[in-house]
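A.B. asks: File name my_file.cif; file contents mmCIF, C-alpha atoms; full text below.
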```
data_structure
#
loop_
_atom_site.group_PDB
_atom_site.id
_atom_site.type_symbol
_atom_site.label_atom_id
_atom_site.label_comp_id
_atom_site.auth_asym_id
_atom_site.auth_seq_id
_atom_site.Cartn_x
_atom_site.Cartn_y
_atom_site.Cartn_z
ATOM 1 C CA ILE C 2 0.567 5.346 17.419
ATOM 2 C CA ARG C 3 3.976 3.848 18.124
ATOM 3 C CA PRO C 4 5.955 3.805 14.860
ATOM 4 C CA TYR C 5 8.513 1.033 14.410
ATOM 5 C CA ASN C 6 10.765 2.865 11.979
ATOM 6 C CA PRO C 7 11.719 6.335 10.657
ATOM 7 C CA TYR C 8 9.172 6.100 7.826
ATOM 8 C CA GLY C 9 6.364 5.553 10.316
ATOM 9 C CA GLN C 10 7.718 8.348 12.508
ATOM 10 C CA THR C 11 7.448 10.832 9.626
ATOM 11 C CA LYS C 12 3.795 9.867 9.118
ATOM 12 C CA ALA C 13 3.049 10.235 12.834
ATOM 13 C CA SER C 14 4.744 13.645 12.828
ATOM 14 C CA ILE C 15 2.463 14.868 10.038
ATOM 15 C CA GLU C 16 -0.592 13.636 11.946
ATOM 16 C CA PHE C 17 0.671 15.441 15.062
ATOM 17 C CA MET C 18 1.017 18.687 13.077
ATOM 18 C CA LEU C 19 -2.435 18.314 11.523
ATOM 19 C CA ASN C 20 -3.946 17.717 14.966
ATOM 20 C CA GLY C 21 -2.317 20.950 16.128
ATOM 21 C CA LEU C 22 -3.696 22.781 13.126
ATOM 22 C CA PHE C 23 -7.183 21.442 13.792
ATOM 23 C CA LYS C 24 -7.053 22.454 17.475
ATOM 24 C CA SER C 25 -5.992 25.985 16.469
ATOM 25 C CA CYS C 26 -9.480 26.556 15.018
ATOM 26 C CA GLU C 27 -11.789 23.570 15.390
ATOM 27 C CA SER C 28 -14.717 25.315 13.728
ATOM 28 C CA LYS C 29 -12.762 25.840 10.510
ATOM 29 C CA TRP C 30 -10.918 22.637 9.605
ATOM 30 C CA ARG C 31 -12.050 19.391 8.022
ATOM 31 C CA ILE C 32 -9.096 16.988 7.978
ATOM 32 C CA ALA C 33 -8.795 13.296 7.142
ATOM 33 C CA ASN C 34 -5.580 11.451 7.910
ATOM 34 C CA LEU C 35 -5.597 8.519 5.506
ATOM 35 C CA ARG C 36 -3.180 5.838 6.619
ATOM 36 C CA TYR C 37 -2.239 3.829 3.532
ATOM 37 C CA PHE C 38 -1.422 0.147 3.785
ATOM 38 C CA ASN C 39 0.858 -0.915 0.901
ATOM 39 C CA PRO C 40 -0.777 0.442 -2.263
ATOM 40 C CA ILE C 41 0.132 -1.651 -5.317
ATOM 41 C CA GLY C 42 -1.061 -2.220 -8.877
ATOM 42 C CA ALA C 43 -1.840 0.383 -11.514
ATOM 43 C CA HIS C 44 -4.750 1.737 -13.488
ATOM 44 C CA GLU C 45 -6.341 -1.161 -15.375
ATOM 45 C CA SER C 46 -5.546 0.533 -18.721
ATOM 46 C CA GLY C 47 -1.820 0.213 -18.028
ATOM 47 C CA LEU C 48 -1.427 3.934 -18.769
ATOM 48 C CA LEU C 49 -0.896 5.091 -15.169
ATOM 49 C CA GLY C 50 1.378 3.368 -12.704
ATOM 50 C CA GLU C 51 4.213 3.696 -10.251
ATOM 51 C CA ASN C 52 7.432 5.103 -11.690
ATOM 52 C CA PRO C 53 10.098 5.352 -8.944
ATOM 53 C CA SER C 54 12.892 7.733 -9.898
ATOM 54 C CA ASN C 55 15.552 5.547 -8.286
ATOM 55 C CA LYS C 56 15.663 1.869 -7.351
ATOM 56 C CA PRO C 57 12.379 1.265 -5.540
ATOM 57 C CA ASN C 58 12.251 0.429 -1.840
ATOM 58 C CA ASN C 59 8.756 -1.061 -2.043
ATOM 59 C CA LEU C 60 8.207 -4.741 -2.714
ATOM 60 C CA PHE C 61 5.765 -4.615 -5.624
ATOM 61 C CA PRO C 62 7.704 -2.427 -8.099
ATOM 62 C CA ILE C 63 10.717 -4.676 -7.535
ATOM 63 C CA VAL C 64 8.571 -7.779 -8.190
ATOM 64 C CA CYS C 65 7.489 -6.213 -11.505
ATOM 65 C CA LYS C 66 11.029 -5.255 -12.491
ATOM 66 C CA VAL C 67 12.389 -8.709 -11.635
ATOM 67 C CA ALA C 68 9.622 -10.377 -13.654
ATOM 68 C CA TYR C 69 10.435 -8.087 -16.596
ATOM 69 C CA GLY C 70 14.183 -8.824 -16.325
ATOM 70 C CA ILE C 71 15.331 -5.370 -15.255
ATOM 71 C CA TYR C 72 16.611 -6.818 -11.964
ATOM 72 C CA GLU C 73 18.050 -10.311 -11.624
ATOM 73 C CA LYS C 74 16.106 -11.380 -8.543
ATOM 74 C CA LEU C 75 14.021 -10.242 -5.611
ATOM 75 C CA HIS C 76 15.573 -10.288 -2.150
ATOM 76 C CA VAL C 77 13.010 -11.370 0.429
ATOM 77 C CA TYR C 78 13.953 -9.924 3.805
ATOM 78 C CA GLY C 79 13.580 -12.811 6.194
ATOM 79 C CA ASN C 80 12.076 -16.269 5.979
ATOM 80 C CA ASP C 81 12.095 -16.777 9.744
ATOM 81 C CA TRP C 82 9.255 -14.463 10.776
ATOM 82 C CA PRO C 83 6.642 -15.989 13.117
ATOM 83 C CA THR C 84 4.153 -16.358 10.227
ATOM 84 C CA PHE C 85 2.738 -19.424 8.466
ATOM 85 C CA ASP C 86 5.415 -19.357 5.718
ATOM 86 C CA GLY C 87 8.158 -17.399 7.487
ATOM 87 C CA THR C 88 7.786 -14.252 5.372
ATOM 88 C CA GLY C 89 6.310 -10.923 6.385
ATOM 89 C CA ILE C 90 2.580 -10.383 6.038
ATOM 90 C CA ARG C 91 1.243 -7.102 4.680
ATOM 91 C CA ASP C 92 -2.087 -5.588 3.729
ATOM 92 C CA PHE C 93 -1.916 -4.770 0.015
ATOM 93 C CA ILE C 94 -4.522 -2.442 -1.478
ATOM 94 C CA HIS C 95 -5.107 -1.629 -5.151
ATOM 95 C CA VAL C 96 -4.143 1.958 -5.991
ATOM 96 C CA MET C 97 -7.556 2.524 -7.587
ATOM 97 C CA ASP C 98 -9.303 1.523 -4.347
ATOM 98 C CA LEU C 99 -6.967 3.948 -2.598
ATOM 99 C CA ALA C 100 -7.983 6.690 -5.050
ATOM 100 C CA ASP C 101 -11.649 5.933 -4.350
ATOM 101 C CA SER C 102 -10.999 6.252 -0.612
ATOM 102 C CA HIS C 103 -9.748 9.798 -1.178
ATOM 103 C CA LEU C 104 -12.917 10.751 -3.028
ATOM 104 C CA SER C 105 -15.065 9.161 -0.331
ATOM 105 C CA ALA C 106 -13.130 10.989 2.405
ATOM 106 C CA LEU C 107 -13.586 14.326 0.620
ATOM 107 C CA GLU C 108 -17.319 13.698 0.224
ATOM 108 C CA TYR C 109 -17.595 12.765 3.899
ATOM 109 C CA LEU C 110 -15.764 15.893 5.042
ATOM 110 C CA GLU C 111 -17.874 18.148 2.809
ATOM 111 C CA LYS C 112 -21.137 16.709 4.150
ATOM 112 C CA ASN C 113 -20.235 16.836 7.851
ATOM 113 C CA ASP C 114 -19.222 19.355 10.488
ATOM 114 C CA PRO C 115 -15.572 20.372 10.849
ATOM 115 C CA GLN C 116 -13.555 17.541 12.364
ATOM 116 C CA ILE C 117 -10.355 15.542 12.133
ATOM 117 C CA ILE C 118 -10.512 11.817 11.469
ATOM 118 C CA ASP C 119 -7.875 9.104 11.304
ATOM 119 C CA LEU C 120 -8.671 6.286 8.875
ATOM 120 C CA ASN C 121 -6.754 3.138 8.009
ATOM 121 C CA ILE C 122 -7.000 2.538 4.266
ATOM 122 C CA GLY C 123 -6.388 -1.104 3.503
ATOM 123 C CA THR C 124 -8.253 -4.292 2.724
ATOM 124 C CA GLY C 125 -8.030 -5.806 6.187
ATOM 125 C CA ILE C 126 -6.541 -8.912 4.547
ATOM 126 C CA GLY C 127 -3.004 -10.106 5.161
ATOM 127 C CA THR C 128 -0.855 -11.518 2.356
ATOM 128 C CA SER C 129 2.631 -12.901 2.857
ATOM 129 C CA VAL C 130 5.509 -11.963 0.591
ATOM 130 C CA LEU C 131 5.614 -15.512 -0.765
ATOM 131 C CA GLU C 132 1.847 -15.468 -1.409
ATOM 132 C CA LEU C 133 2.242 -12.225 -3.355
ATOM 133 C CA ILE C 134 5.055 -13.709 -5.460
ATOM 134 C CA LYS C 135 3.054 -16.892 -6.126
ATOM 135 C CA THR C 136 -0.083 -14.976 -7.085
ATOM 136 C CA PHE C 137 1.872 -12.615 -9.351
ATOM 137 C CA GLN C 138 3.462 -15.563 -11.166
ATOM 138 C CA GLU C 139 0.157 -17.426 -11.555
ATOM 139 C CA VAL C 140 -1.823 -14.398 -12.735
ATOM 140 C CA ASN C 141 0.765 -13.215 -15.219
ATOM 141 C CA GLY C 142 2.373 -16.475 -16.349
ATOM 142 C CA CYS C 143 5.878 -15.310 -15.526
ATOM 143 C CA LYS C 144 8.653 -16.064 -13.054
ATOM 144 C CA VAL C 145 9.896 -13.908 -10.191
ATOM 145 C CA PRO C 146 13.293 -15.319 -9.177
ATOM 146 C CA HIS C 147 13.919 -14.627 -5.503
ATOM 147 C CA ASP C 148 16.168 -15.507 -2.612
ATOM 148 C CA PHE C 149 16.106 -14.920 1.110
ATOM 149 C CA CYS C 150 18.329 -12.609 3.090
ATOM 150 C CA LYS C 151 18.395 -11.231 6.627
ATOM 151 C CA ARG C 152 15.558 -9.198 8.033
ATOM 152 C CA ARG C 153 15.841 -5.423 7.711
ATOM 153 C CA PRO C 154 15.970 -3.282 10.840
ATOM 154 C CA GLY C 155 12.588 -1.657 11.473
ATOM 155 C CA ASP C 156 10.538 -4.358 9.726
ATOM 156 C CA VAL C 157 7.821 -6.224 11.592
ATOM 157 C CA ASP C 158 6.209 -9.597 10.998
ATOM 158 C CA VAL C 159 2.578 -8.591 10.346
ATOM 159 C CA ILE C 160 0.875 -5.295 9.463
ATOM 160 C CA ILE C 161 -2.805 -5.455 8.530
ATOM 161 C CA ALA C 162 -5.220 -2.513 8.481
ATOM 162 C CA ASP C 163 -8.139 -2.350 10.850
ATOM 163 C CA ASN C 164 -10.263 -0.553 8.277
ATOM 164 C CA ALA C 165 -13.612 -0.824 10.135
ATOM 165 C CA LYS C 166 -13.836 2.929 10.740
ATOM 166 C CA ALA C 167 -13.237 3.760 7.070
ATOM 167 C CA LEU C 168 -15.767 1.160 5.962
ATOM 168 C CA THR C 169 -18.400 2.619 8.293
ATOM 169 C CA LEU C 170 -17.774 6.355 8.029
ATOM 170 C CA LEU C 171 -16.997 6.616 4.345
ATOM 171 C CA GLU C 172 -19.387 3.999 3.006
ATOM 172 C CA TRP C 173 -16.331 2.884 1.055
ATOM 173 C CA HIS C 174 -14.878 -0.550 0.622
ATOM 174 C CA PRO C 175 -12.019 -1.941 -1.439
ATOM 175 C CA LYS C 176 -13.329 -3.726 -4.527
ATOM 176 C CA LYS C 177 -10.178 -5.107 -6.122
ATOM 177 C CA LYS C 178 -8.488 -8.361 -5.150
ATOM 178 C CA LEU C 179 -4.825 -9.378 -5.133
ATOM 179 C CA TYR C 180 -5.371 -10.901 -8.591
ATOM 180 C CA ASP C 181 -6.358 -7.454 -9.954
ATOM 181 C CA MET C 182 -3.393 -5.766 -8.268
ATOM 182 C CA CYS C 183 -0.933 -8.223 -9.815
ATOM 183 C CA ARG C 184 -2.549 -8.124 -13.276
ATOM 184 C CA ASP C 185 -2.789 -4.332 -13.461
ATOM 185 C CA GLY C 186 0.693 -3.706 -12.073
ATOM 186 C CA TRP C 187 2.209 -6.143 -14.580
ATOM 187 C CA LEU C 188 0.348 -4.520 -17.477
ATOM 188 C CA TRP C 189 1.815 -1.140 -16.467
ATOM 189 C CA GLN C 190 5.320 -2.641 -16.294
ATOM 190 C CA LYS C 191 5.041 -4.325 -19.705
ATOM 191 C CA GLN C 192 3.680 -1.203 -21.402
ATOM 192 C CA ASN C 193 6.134 1.140 -19.659
ATOM 193 C CA PRO C 194 9.399 -0.741 -19.088
ATOM 194 C CA ASN C 195 11.328 2.525 -18.770
ATOM 195 C CA GLY C 196 8.636 4.424 -16.897
ATOM 196 C CA PHE C 197 6.648 7.287 -18.357
#
```
Just give me the structure as C-alpha cells.
C.D. replies:
Amino acid sequence: IRPYNPYGQTKASIEFMLNGLFKSCESKWRIANLRYFNPIGAHESGLLGENPSNKPNNLFPIVCKVAYGIYEKLHVYGNDWPTFDGTGIRDFIHVMDLADSHLSALEYLEKNDPQIIDLNIGTGIGTSVLELIKTFQEVNGCKVPHDFCKRRPGDVDVIIADNAKALTLLEWHPKKKLYDMCRDGWLWQKQNPNGF
C-alpha cells in the first residue's frame, strides 16, 4: 500500500493498527479490512441515503445537488488526465452492494479460523467522471451543469478495484449497475432535498 493522499494514509494507518492487534493474539481475532471504492447511490426506496453535514467532498452527492439546483454547477477536476475522455476514472459501487459485502465478510469470518484479510470492495469496472455525468442525466432525465478546473493535488488518473479476492473468498459479487446507482441516488435526493 502506497497512499497518494492524506485520506489514503489514514486508511493505511488503520490497517497497520489492525494488523498489530491481530499479531498480538492471532488465535483470537477475526478481522476484515474492507477497502471501499467510491460507494454511491442510496437504498432503492429513497428512504436511506447520504446526508453530508457540510458541503460534500465526494463527486456523487455534488452531482445530485447540482441536478436538484442546490449548487449551480459541478466542477470537474481536470480534463487532461491520460484517459479516453480526459477525466478521472473511478470504480463506483452501489451502497447496497457495499452493505452486502459487509454481511458476506462477517459470515466468512464466523465460519473460518481466526485471521486478518484485506479485501477490495468495488465492481472492478472503471467509469470516467464524464461517463457518470452522462449516465446520471440519461437515467434521470435531468441536467448536471459542469465545468472543468485544474486537477486537485493528491488525485490520480485511474483507480479501479481488483476485487478478485473478495469475489472468491466471500462468494459475493456486486449486483447493481451504474444505472441503478444513479437512479437510486437521485430518488434519495428528490425525496430528501434537505437531508433527513
A.B. asks: Show me, as a tab-separated table, the residues of region 102-189 of chain C having an atom within 12 Å of region 10-17 of chain C, each with the closest atom pair and its distance in Å, using only C-alpha atoms.
C.D. replies:
```
residue	atom	partner	partner_atom	distance
C:Ile117	CA	C:Glu16	CA	9.9
C:Ile118	CA	C:Glu16	CA	10.1
C:Asp119	CA	C:Glu16	CA	8.6
C:Leu120	CA	C:Glu16	CA	11.3
C:Gly155	CA	C:Gln10	CA	11.2
```
A.B. asks: What would the list of residues within 9 Å of (-3.2, 0.3, -9.0) (file frame) look like as a PyMOL selection string, if all atoms listed in the file are what count?
C.D. replies: chain C and resi 40-45+49-51+94-100+181-183+185-186
A.B. asks: So which residues fall inside 10 Å of (6.8, -6.1, -5.1) if we count only C-alpha atoms? Mind giving them as a PDB file with C-alpha atoms, in the coordinates of the input?
C.D. replies:
```pdb
ATOM      1  CA  ASN C  39       0.858  -0.915   0.901  1.00  0.00           C
ATOM      2  CA  ILE C  41       0.132  -1.651  -5.317  1.00  0.00           C
ATOM      3  CA  GLY C  42      -1.061  -2.220  -8.877  1.00  0.00           C
ATOM      4  CA  PRO C  57      12.379   1.265  -5.540  1.00  0.00           C
ATOM      5  CA  ASN C  58      12.251   0.429  -1.840  1.00  0.00           C
ATOM      6  CA  ASN C  59       8.756  -1.061  -2.043  1.00  0.00           C
ATOM      7  CA  LEU C  60       8.207  -4.741  -2.714  1.00  0.00           C
ATOM      8  CA  PHE C  61       5.765  -4.615  -5.624  1.00  0.00           C
ATOM      9  CA  PRO C  62       7.704  -2.427  -8.099  1.00  0.00           C
ATOM     10  CA  ILE C  63      10.717  -4.676  -7.535  1.00  0.00           C
ATOM     11  CA  VAL C  64       8.571  -7.779  -8.190  1.00  0.00           C
ATOM     12  CA  CYS C  65       7.489  -6.213 -11.505  1.00  0.00           C
ATOM     13  CA  LYS C  66      11.029  -5.255 -12.491  1.00  0.00           C
ATOM     14  CA  VAL C  67      12.389  -8.709 -11.635  1.00  0.00           C
ATOM     15  CA  ALA C  68       9.622 -10.377 -13.654  1.00  0.00           C
ATOM     16  CA  LEU C  75      14.021 -10.242  -5.611  1.00  0.00           C
ATOM     17  CA  VAL C  77      13.010 -11.370   0.429  1.00  0.00           C
ATOM     18  CA  VAL C 130       5.509 -11.963   0.591  1.00  0.00           C
ATOM     19  CA  LEU C 133       2.242 -12.225  -3.355  1.00  0.00           C
ATOM     20  CA  ILE C 134       5.055 -13.709  -5.460  1.00  0.00           C
ATOM     21  CA  PHE C 137       1.872 -12.615  -9.351  1.00  0.00           C
ATOM     22  CA  VAL C 145       9.896 -13.908 -10.191  1.00  0.00           C
ATOM     23  CA  CYS C 183      -0.933  -8.223  -9.815  1.00  0.00           C
ATOM     24  CA  GLY C 186       0.693  -3.706 -12.073  1.00  0.00           C
TER      25      GLY C 186
END
```
A.B. asks: At what distance in Å, to one decimal, does CA of Lys56 (chain C) lie from CA of Ser102 (chain C)?
C.D. replies: 27.8 Å
A.B. asks: Please write the residues picked by the PyMOL selection byres ((chain C and resi 104-113) around 8) on this file as a PDB file with C-alpha atoms, keeping the file's coordinate frame.
C.D. replies:
```pdb
ATOM      1  CA  ARG C  31     -12.050  19.391   8.022  1.00  0.00           C
ATOM      2  CA  ILE C  32      -9.096  16.988   7.978  1.00  0.00           C
ATOM      3  CA  ALA C  33      -8.795  13.296   7.142  1.00  0.00           C
ATOM      4  CA  ALA C 100      -7.983   6.690  -5.050  1.00  0.00           C
ATOM      5  CA  ASP C 101     -11.649   5.933  -4.350  1.00  0.00           C
ATOM      6  CA  SER C 102     -10.999   6.252  -0.612  1.00  0.00           C
ATOM      7  CA  HIS C 103      -9.748   9.798  -1.178  1.00  0.00           C
ATOM      8  CA  ASP C 114     -19.222  19.355  10.488  1.00  0.00           C
ATOM      9  CA  PRO C 115     -15.572  20.372  10.849  1.00  0.00           C
ATOM     10  CA  GLN C 116     -13.555  17.541  12.364  1.00  0.00           C
ATOM     11  CA  LEU C 170     -17.774   6.355   8.029  1.00  0.00           C
ATOM     12  CA  LEU C 171     -16.997   6.616   4.345  1.00  0.00           C
ATOM     13  CA  GLU C 172     -19.387   3.999   3.006  1.00  0.00           C
ATOM     14  CA  TRP C 173     -16.331   2.884   1.055  1.00  0.00           C
TER      15      TRP C 173
END
```
A.B. asks: When you count only C-alpha atoms, which of these residues is closest to Asn34 (chain C): C:Ile2, C:Leu19, C:Ile126, C:Leu48?
C.D. replies: C:Leu19
A.B. asks: Please report the interatomic distance between CA of Thr124 (chain C) and CA of Arg153 (chain C) in Å with one decimal.
C.D. replies: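 Going from CA of Thr124 (chain C) over to CA of Arg153 (chain C), I get 24.6 Å.
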A.B. asks: Using all atoms listed in the file, find each residue of region 138-186 of chain C with at least one atom at most 6 Å away from an atom of region 78-85 of chain C; report its shortest atom-to-atom pair and that distance in Å (one decimal), sort the rows by chain and rising residue number, and return the result as a tab-separated table.
C.D. replies:
```
residue	atom	partner	partner_atom	distance
C:Cys150	CA	C:Tyr78	CA	5.2
C:Lys151	CA	C:Gly79	CA	5.1
C:Arg152	CA	C:Gly79	CA	4.5
C:Asp158	CA	C:Trp82	CA	5.7
```
A.B. asks: Could you save those same residues with C-alpha atoms as a PDB file, keeping the file's coordinate frame?
C.D. replies:
```pdb
ATOM      1  CA  CYS C 150      18.329 -12.609   3.090  1.00  0.00           C
ATOM      2  CA  LYS C 151      18.395 -11.231   6.627  1.00  0.00           C
ATOM      3  CA  ARG C 152      15.558  -9.198   8.033  1.00  0.00           C
ATOM      4  CA  ASP C 158       6.209  -9.597  10.998  1.00  0.00           C
TER       5      ASP C 158
END
```
A.B. asks: What does the distance from CA of Gly125 (chain C) to CA of Ile161 (chain C) come to in Å, to one decimal?
C.D. replies: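 CA of Ile161 (chain C) lies 5.7 Å from CA of Gly125 (chain C).
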A.B. asks: Quick one: which residues end up in the PyMOL selection byres ((chain C and resi 91) around 7) for this structure, as a ChimeraX atom specification?
C.D. replies: /C:89-90,92-93,127-129,159-161
A.B. asks: With C-alpha atoms retained, could you export that selection as a short mmCIF file (atom, residue, chain, number, x, y, z; two decimals), in the coordinates of the input?
C.D. replies:
```cif
data_model
loop_
_atom_site.label_atom_id
_atom_site.label_comp_id
_atom_site.auth_asym_id
_atom_site.auth_seq_id
_atom_site.Cartn_x
_atom_site.Cartn_y
_atom_site.Cartn_z
CA GLY C 89 6.31 -10.92 6.38
CA ILE C 90 2.58 -10.38 6.04
CA ASP C 92 -2.09 -5.59 3.73
CA PHE C 93 -1.92 -4.77 0.02
CA GLY C 127 -3.00 -10.11 5.16
CA THR C 128 -0.86 -11.52 2.36
CA SER C 129 2.63 -12.90 2.86
CA VAL C 159 2.58 -8.59 10.35
CA ILE C 160 0.88 -5.30 9.46
CA ILE C 161 -2.80 -5.46 8.53
#
```
A.B. asks: From the list C:Lys166, C:Leu131, C:Lys176, C:Asp148, which residue is nearest Arg36 (chain C) when using all atoms listed in the file?
C.D. replies: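 The shortest atom-to-atom distance to Arg36 (chain C) comes from C:Lys166.
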A.B. asks: Between C:Asn195, C:Ala165, C:Gly123, C:Tyr37, which residue has the minimum interatomic distance to Lys178 (chain C), considering all atoms listed in the file?
C.D. replies: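 With all atoms listed in the file as the atom set, the closest residue is C:Gly123.
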A.B. asks: With only C-alpha atoms as the atoms that count, which of C:Thr88, C:Asn20, C:Ser46, C:Ser54 lies nearest to Val157 (chain C)?
C.D. replies: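 Among the listed residues, C:Thr88 lies closest to Val157 (chain C).
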A.B. asks: Taking into account all atoms listed in the file, which residue in the set C:Tyr180, C:Trp189, C:Tyr8, C:Phe38 is nearest to Asp156 (chain C)?
C.D. replies: C:Tyr8
A.B. asks: Identify which of the residues C:Arg184, C:Lys191, C:Lys135, C:His174 lies closest to His147 (chain C), counting only C-alpha atoms when measuring atom-to-atom distances.
C.D. replies: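 Of the candidates, the smallest distance to His147 (chain C) is held by C:Lys135.
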